[in-house]
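What follows is a single structure, written as structure tokens, with notes after it.
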Amino acid sequence: MTALTLSTAAAAGLRADAIVIGVAKGTGSSGPVVAPGAEAVDKGYDGRLAGVLETLGASGAEGEVTKLPAPAGFKAPVVVAVGLGSQPEKGSGYDAEALRRAAGVAARALAGSKKAAFALPLADAADAGAVAEGVLLGAYSFDAYKDTSGTGPKNGKNAANGKNGKAPLAEAALLGTKPRDKAYRAALERATAVAEELNRARDLVNTPPNDLNPEAFAAVAQAVAKEHGIKVQVLDEKALAKGGYGGILGVGGGSASGPRLVKLSYTSSKAKKHLAFVGKGITYDSGGISLKPAGHNETMKCDMSGAAAVFAAVVAAARLGLEVNVTGWLALAENMPSGSATRPGDVLRMYSGKTVEVLNTDAEGRLVLADALWAASQEKPDAIVDVATLTGAMVLALGNRTFGIMANDDAFRAAVHEAAEEVGEPAWPMPLPEHLRKGMDSATADIANMGERMGGGLVAGLFLKEFVGEGITWAHLDIAGPAFNEGGPFGYTPKGGTGSGVRTLVRLAELTAAGELG
Ligand code: BES
Ligand code: MN
Ligand code: ZN
């Protein structure tokens with residue numbers, strides 16, 4: 001990953017391949033405006049940088065990149081002007097998300113470069129953290145399978161050697177920051193831990209399902225957890241059968257690769273609270289016997305994005321030494337059709353003891369989550385948050401950049417929403433209307449795994465709610481839309497796995513540690 005440094009160096013004398021500056025939209029009909037932080041660069045152009053940028057067609061719009069030759073006397077050959085969107089209101093600085101996105105866009109535009117200096121408008125350490133995060137997330141690329149030498153991804157070869165496409169930006173210096181200041185260093189450390197784990201989650205999502213089955217995912221979790229002093233327990237098919245995890249077993253039964261339930265326990269000696277995160281980890285969702293048609297299954301390797309997010313958040317919490325106990329539950333299974341697969345019409349006895357009539361084997365996420373939610377509930381945590389690519393209905397409702405938040409507690413749902421907005425993850429609160437419950441009434445079992453088609457995302461949420469232990473505060477994030485970006489990259493979001501949910505979970509852990517939640 002990109003190496004980050006804090007720097008007080010002057011832009012002109014810095015040896016780098018490029019200097020990144022910010023440009024914002026002018027007000028009314030006036031041209032673009034050079035953002036603070038780039039004064040020295042502007043001076044190099046005799047104060048004419050804004051005019052030069054306008055001549056080159058720059059407007060300062062978000063996502064825009066304009067490259068121009070650096071002024072005479074500068075060691076770096078190129079200036080990269082990145083759009084910040086509208087200027088902030090008088091008296092306040094650029095918001096963190098604008099900086100994060102611009103830094104991501106610039107880092108991606110600088111793929112193939114060794115070193116870039118970032119001279120963006122940083123008002124404080126938090127802004128430096130945002131830029132650091134944007135750089136690390138924007139520079140991400142997944143090239144493990146692009147190596148055509150035939151040696152495969154396992155020997156560590158990838159496009160970083162430049163064979164297939166450009167290597168990610170190797171080094172970024174953040175100018176105008178304070179290398180010895182505690183707050184700046186902490187911000188950089190936080191950004192690094194969060195972004196590295198988030199990028200690991202992206203890698204897991206992007207890894208094709210023939211290489212990432214439940215067993216392989218569990219093995220990665222085990223290895224990484226060990227590295228960071230996180231306790232890990234893996235239940236395999238045998239242990240799941242012995243424990244009565246009928247939901248996870250029912251979903252995983254059709255696959256040649258058996259299901260797993262992974263429990264990751266990060267504990268802090270100073271913890272006063274306990275959070276549980278539960279992730280849907282369907283390593284491939286074919287739909288099962290209720291098979292998905294072509295056109296609906298090509299990206300279904302992304303159906304373990306919730307588990308990847310939970311995994312990343314627990315490891316990040318451990319790396320940051322947060323003073324809160326965090327348990328992560330990864331409900332891993334592959335949903336496949338076969339002679340041993342669950343049939344529509346089968347009844348599963350869940351870990352909670354409830355029976356579920358499976359009317360559609362493609363509504364599998366709620367089945368694995370139900371067992372994991374009940375398992376998490378047994379420890380009586382202060383709150384449970386589950387993350388899942390659960391329903392196409394949520395994508396229809398909110399589009400592919402916003403996740404839905406449901407909860408059994410209005411104040412908690414609002415707190416989760418606030419945390420999401422704070423870290424730059426678009427999210428929106430959704431209701432759990434009780435009247436939709438009767439659609440899941442089953443003639444045979446306690447509940448069916450399907451209900452009314454309308455409001456399908458909320459129906460799924462209502463199903464999950466029944467498997468949360470009495471009196472436990474719970475929220476459900478349906479990330480089916482934002483988990484996987486099928487379009488082109490934007491801001492710091494790449495094509496493919498996005499790491500949706502990770503930063504919200506980390507923020508929730510931080511807020512809980514600080515006593516500001518629950
Ligand atoms: N994994 C899918 C949901 C999904 C859809 C995720 C699109 C990402 C993008 C889930 O398991 C599923 O198939 N849900 C069904 C539920 C239905 C059968 C009740 C759906 O949404 O169609
Ligand atoms: Mn499905
Ligand atoms: Zn699914």
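The chains in the structure tokens are called A, B, ... from first to last as shown; in each chain the residues are counted from 1, and the ligands are counted from 1 in the order shown.
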Q: Kindly provide, as JSON, numbers by chain, all nucleotide and amino acid residues lying within 6 Å of ligand 2, counting only C-alpha atoms and all ligand atoms.
A: {"A": [285, 287, 362, 363, 364]}
(Q) Which residues are near range 453-467 of chain A? Cut-off 10 Å, only C-alpha atoms, ignore same chain within fewer than 4 positions. Put them as a ChimeraX atom specification. (A) /A:350-354,363,365-377,386,390-397,404-408,430-440,447-449,474-478,480
Please produce a file of the residues just selected, as a compact mmCIF listing (two decimals), in the first residue's frame, where the atoms kept are N, CA and C atoms.
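What landed in out.txt:
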# COMPACT_ATOMS: atom_id res chain seq x y z
N MET A 350 -33.66 -23.75 13.48
CA MET A 350 -32.59 -22.78 13.62
C MET A 350 -31.88 -22.93 14.96
N TYR A 351 -30.75 -22.26 15.10
CA TYR A 351 -29.99 -22.29 16.36
C TYR A 351 -30.84 -21.78 17.51
N SER A 352 -31.74 -20.84 17.25
CA SER A 352 -32.59 -20.29 18.32
C SER A 352 -33.67 -21.27 18.75
N GLY A 353 -33.88 -22.33 17.95
CA GLY A 353 -34.95 -23.27 18.25
C GLY A 353 -36.18 -23.05 17.39
N LYS A 354 -36.30 -21.86 16.81
CA LYS A 354 -37.43 -21.58 15.91
C LYS A 354 -37.30 -22.40 14.64
N ALA A 363 -33.38 -16.59 -0.61
CA ALA A 363 -33.44 -15.71 0.57
C ALA A 363 -32.63 -16.39 1.67
N GLY A 365 -29.52 -15.25 2.96
CA GLY A 365 -28.75 -14.42 3.88
C GLY A 365 -29.38 -14.36 5.26
N ARG A 366 -30.70 -14.19 5.28
CA ARG A 366 -31.41 -14.08 6.57
C ARG A 366 -31.31 -15.37 7.37
N LEU A 367 -31.12 -16.50 6.68
CA LEU A 367 -31.02 -17.79 7.39
C LEU A 367 -29.68 -17.93 8.11
N VAL A 368 -28.60 -17.58 7.42
CA VAL A 368 -27.30 -17.67 8.10
C VAL A 368 -27.18 -16.60 9.18
N LEU A 369 -27.73 -15.42 8.88
CA LEU A 369 -27.67 -14.32 9.87
C LEU A 369 -28.47 -14.65 11.11
N ALA A 370 -29.60 -15.32 10.92
CA ALA A 370 -30.46 -15.65 12.07
C ALA A 370 -29.67 -16.46 13.10
N ASP A 371 -28.94 -17.46 12.62
CA ASP A 371 -28.13 -18.27 13.55
C ASP A 371 -27.03 -17.43 14.20
N ALA A 372 -26.37 -16.61 13.41
CA ALA A 372 -25.27 -15.81 13.95
C ALA A 372 -25.79 -14.74 14.91
N LEU A 373 -26.95 -14.16 14.61
CA LEU A 373 -27.53 -13.15 15.51
C LEU A 373 -27.89 -13.79 16.85
N TRP A 374 -28.44 -15.01 16.77
CA TRP A 374 -28.81 -15.69 18.01
C TRP A 374 -27.57 -16.08 18.80
N ALA A 375 -26.53 -16.51 18.10
CA ALA A 375 -25.27 -16.84 18.78
C ALA A 375 -24.69 -15.59 19.44
N ALA A 376 -24.69 -14.49 18.71
CA ALA A 376 -24.18 -13.23 19.26
C ALA A 376 -25.00 -12.80 20.48
N SER A 377 -26.31 -13.02 20.42
CA SER A 377 -27.21 -12.61 21.50
C SER A 377 -26.91 -13.35 22.81
N ASP A 386 -25.64 -5.88 12.48
CA ASP A 386 -25.31 -6.81 11.41
C ASP A 386 -25.18 -6.06 10.09
N LEU A 390 -28.19 -7.96 1.65
CA LEU A 390 -29.33 -8.82 1.92
C LEU A 390 -30.41 -8.85 0.85
N THR A 391 -30.76 -7.70 0.30
CA THR A 391 -31.90 -7.72 -0.64
C THR A 391 -31.72 -6.82 -1.86
N GLY A 392 -32.18 -7.33 -2.99
CA GLY A 392 -32.25 -6.51 -4.20
C GLY A 392 -33.22 -5.35 -3.99
N ALA A 393 -34.21 -5.56 -3.12
CA ALA A 393 -35.21 -4.53 -2.87
C ALA A 393 -34.57 -3.27 -2.29
N MET A 394 -33.53 -3.44 -1.48
CA MET A 394 -32.86 -2.28 -0.89
C MET A 394 -32.11 -1.50 -1.98
N VAL A 395 -31.61 -2.23 -2.99
CA VAL A 395 -30.94 -1.55 -4.10
C VAL A 395 -31.96 -0.73 -4.90
N LEU A 396 -33.15 -1.31 -5.08
CA LEU A 396 -34.20 -0.59 -5.79
C LEU A 396 -34.60 0.66 -5.01
N ALA A 397 -34.64 0.53 -3.69
CA ALA A 397 -35.10 1.65 -2.86
C ALA A 397 -34.06 2.77 -2.78
N GLY A 404 -29.16 0.91 3.63
CA GLY A 404 -30.32 1.11 4.49
C GLY A 404 -30.02 0.68 5.91
N ILE A 405 -30.55 1.43 6.86
CA ILE A 405 -30.37 1.09 8.28
C ILE A 405 -31.72 0.80 8.91
N MET A 406 -31.87 -0.38 9.45
CA MET A 406 -33.06 -0.74 10.20
C MET A 406 -32.63 -1.07 11.61
N ALA A 407 -33.54 -0.96 12.57
CA ALA A 407 -33.16 -1.22 13.96
C ALA A 407 -34.39 -1.49 14.81
N ASN A 408 -34.15 -2.06 15.98
CA ASN A 408 -35.27 -2.26 16.92
C ASN A 408 -35.33 -1.14 17.94
N MET A 430 -34.44 3.18 7.53
CA MET A 430 -35.61 2.50 6.98
C MET A 430 -36.43 1.92 8.12
N PRO A 431 -37.76 1.83 7.95
CA PRO A 431 -38.63 1.35 9.03
C PRO A 431 -38.77 -0.18 9.01
N LEU A 432 -39.28 -0.71 10.10
CA LEU A 432 -39.62 -2.14 10.17
C LEU A 432 -41.12 -2.23 10.49
N PRO A 433 -41.97 -2.02 9.48
CA PRO A 433 -43.42 -1.97 9.75
C PRO A 433 -43.96 -3.33 10.16
N GLU A 434 -44.56 -3.37 11.33
CA GLU A 434 -45.04 -4.64 11.91
C GLU A 434 -46.02 -5.38 11.00
N HIS A 435 -46.81 -4.63 10.22
CA HIS A 435 -47.85 -5.29 9.40
C HIS A 435 -47.25 -6.23 8.35
N LEU A 436 -45.97 -6.05 8.04
CA LEU A 436 -45.34 -6.92 7.04
C LEU A 436 -44.98 -8.29 7.60
N ARG A 437 -45.07 -8.43 8.91
CA ARG A 437 -44.70 -9.70 9.54
C ARG A 437 -45.63 -10.85 9.12
N LYS A 438 -46.93 -10.54 8.98
CA LYS A 438 -47.88 -11.62 8.71
C LYS A 438 -47.66 -12.26 7.34
N GLY A 439 -47.02 -11.55 6.45
CA GLY A 439 -46.68 -12.13 5.14
C GLY A 439 -45.71 -13.29 5.26
N MET A 440 -45.03 -13.37 6.38
CA MET A 440 -44.06 -14.47 6.59
C MET A 440 -44.68 -15.60 7.42
N ILE A 447 -42.12 -19.57 11.05
CA ILE A 447 -42.00 -18.41 10.15
C ILE A 447 -41.48 -18.92 8.81
N ALA A 448 -41.79 -18.20 7.75
CA ALA A 448 -41.24 -18.52 6.42
C ALA A 448 -40.11 -17.55 6.11
N ASN A 449 -39.24 -17.93 5.20
CA ASN A 449 -38.10 -17.04 4.92
C ASN A 449 -38.43 -16.02 3.83
N TRP A 474 -30.33 -3.51 18.58
CA TRP A 474 -29.83 -4.11 17.33
C TRP A 474 -30.07 -3.19 16.15
N ALA A 475 -29.10 -3.16 15.24
CA ALA A 475 -29.29 -2.46 13.96
C ALA A 475 -28.83 -3.36 12.83
N HIS A 476 -29.46 -3.18 11.70
CA HIS A 476 -29.18 -3.99 10.51
C HIS A 476 -28.84 -3.07 9.34
N LEU A 477 -27.67 -3.27 8.74
CA LEU A 477 -27.26 -2.48 7.58
C LEU A 477 -27.39 -3.34 6.33
N ASP A 478 -28.30 -2.97 5.44
CA ASP A 478 -28.42 -3.69 4.17
C ASP A 478 -27.58 -2.95 3.13
N ALA A 480 -26.56 -4.11 0.19
CA ALA A 480 -26.62 -4.74 -1.15
C ALA A 480 -26.29 -3.75 -2.27
Q: Would you mind telling me which residue in A:Ala313, A:Ala216, A:Ala414, A:Ala123 lies nearest to Tyr184 in chain A when using only C-alpha atoms?
A: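 So, comparing all the options, the nearest one is A:Ala123.
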Q: Name the residues of range 92-247 of chain A that fall into strand (DSSP E or B) according to DSSP on the backbone, using the chain letters and numbers of this document, as a PyMOL selection string.
A: chain A and resi 115-119+171-175+231-235
(Q) For Pro71 in chain A, find every residue with an atom within 12 Å (counting only C-alpha atoms), except residues of its own chain fewer than 4 positions away, and show them as a list in words. (A) Ala11, Ala12, Gly13, Ala18, Ile19, Ala40, Val41, Asp42, Lys43, Gly44, Tyr45, Asp46, Gly47, Arg48, Leu49, Val52, Lys75, Ala76, Pro77, Val78 and Val79 of chain A
Q: Please identify all polymer residues within 8 Å of range 247-263 of chain A, counting only C-alpha atoms, omitting same-chain residues fewer than 2 positions from it, and present them as a VMD selection string.
A: chain A and resid 213 to 215 218 221 232 to 237 240 to 241 245 265 288 327 to 342 348 to 351 361 364 367 to 372
Q | Surrounding residues of range 188-200 of chain A excluding itself and chain neighbours under 3 positions, 10 Å, only C-alpha atoms, as an NGL selection string | A | :A and (1-6 or 125-126 or 128-142 or 179 or 182-185 or 203-206 or 308-320 or 497-503 or 506)
Expected file: the selected residues, C-alpha atoms, as a JSON list (two decimals), in the first residue's frame:
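Once everything was written out, this is again_21.json:
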[["chain", "number", "residue", "atom", "x", "y", "z"],
["A", 1, "MET", "CA", 0.00, 0.00, 0.00],
["A", 2, "THR", "CA", 0.94, 3.61, -0.45],
["A", 3, "ALA", "CA", 3.44, 4.81, 2.18],
["A", 4, "LEU", "CA", 2.32, 8.03, 3.89],
["A", 5, "THR", "CA", 4.44, 10.72, 5.48],
["A", 6, "LEU", "CA", 3.69, 14.00, 7.24],
["A", 125, "ALA", "CA", -5.16, 16.79, 12.04],
["A", 126, "ALA", "CA", -8.60, 15.41, 11.22],
["A", 128, "ALA", "CA", -4.89, 15.19, 7.36],
["A", 129, "GLY", "CA", -6.49, 11.92, 8.43],
["A", 130, "ALA", "CA", -9.20, 12.33, 5.79],
["A", 131, "VAL", "CA", -6.65, 12.96, 3.04],
["A", 132, "ALA", "CA", -4.58, 9.99, 4.23],
["A", 133, "GLU", "CA", -7.65, 7.78, 4.12],
["A", 134, "GLY", "CA", -8.60, 9.08, 0.68],
["A", 135, "VAL", "CA", -5.11, 8.40, -0.67],
["A", 136, "LEU", "CA", -4.90, 4.87, 0.74],
["A", 137, "LEU", "CA", -8.40, 3.96, -0.41],
["A", 138, "GLY", "CA", -8.14, 5.68, -3.80],
["A", 139, "ALA", "CA", -4.80, 4.09, -4.66],
["A", 140, "TYR", "CA", -6.28, 0.61, -4.19],
["A", 141, "SER", "CA", -6.30, -1.78, -7.11],
["A", 142, "PHE", "CA", -6.97, -5.48, -7.33],
["A", 179, "PRO", "CA", 5.24, 15.37, 11.68],
["A", 182, "LYS", "CA", 0.57, 13.86, 18.47],
["A", 183, "ALA", "CA", -2.81, 14.58, 16.91],
["A", 184, "TYR", "CA", -1.45, 14.43, 13.36],
["A", 185, "ARG", "CA", 0.40, 11.20, 14.02],
["A", 203, "ASP", "CA", -9.53, -7.95, -1.62],
["A", 204, "LEU", "CA", -11.70, -10.64, -0.04],
["A", 205, "VAL", "CA", -14.79, -9.40, -1.91],
["A", 206, "ASN", "CA", -12.89, -9.27, -5.20],
["A", 308, "ALA", "CA", -15.61, -8.93, 5.12],
["A", 309, "ALA", "CA", -16.69, -5.60, 6.63],
["A", 310, "VAL", "CA", -17.15, -7.12, 10.09],
["A", 311, "PHE", "CA", -13.78, -8.84, 9.87],
["A", 312, "ALA", "CA", -12.06, -5.60, 8.83],
["A", 313, "ALA", "CA", -13.75, -3.60, 11.59],
["A", 314, "VAL", "CA", -12.78, -6.03, 14.36],
["A", 315, "VAL", "CA", -9.15, -6.08, 13.21],
["A", 316, "ALA", "CA", -9.09, -2.28, 12.89],
["A", 317, "ALA", "CA", -10.53, -1.95, 16.41],
["A", 318, "ALA", "CA", -7.75, -4.22, 17.69],
["A", 319, "ARG", "CA", -5.04, -2.33, 15.80],
["A", 320, "LEU", "CA", -6.33, 0.95, 17.23],
["A", 497, "GLY", "CA", -15.57, -4.49, -3.82],
["A", 498, "THR", "CA", -15.89, -1.19, -1.97],
["A", 499, "GLY", "CA", -15.48, -2.03, 1.71],
["A", 500, "SER", "CA", -18.92, -0.61, 2.46],
["A", 501, "GLY", "CA", -19.80, -0.63, 6.15],
["A", 502, "VAL", "CA", -16.26, -0.90, 7.52],
["A", 503, "ARG", "CA", -15.84, 2.74, 8.46],
["A", 506, "VAL", "CA", -15.17, 1.30, 13.28]]
Q | Selection: 10 Å around range 105-113 of chain A, only C-alpha atoms, excl. self and same-chain fewer than 3 positions, as a ChimeraX atom specification | A | /A:2,16-22,62-67,80-83,99-102,116,118,134-141,160-162,165-172,489-494
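Proximity of A:Gly229, A:Gly281, A:Gly104, A:Gly471 to ligand 3, computed with only C-alpha atoms and all ligand atoms, is greatest for A:Gly281.
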**Q.** Surrounding residues of Lys25 in chain A excluding itself and chain neighbours under 4 positions, 10 Å, only C-alpha atoms, as an MDAnalysis selection string
**A.** chainID A and resid 29:35 58:62 83:87
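Shortest separation to Asn400 in chain A among A:Pro381, A:Gly469, A:Pro344, A:Ala483 occurs at residue A:Ala483, atoms counted being only C-alpha atoms.
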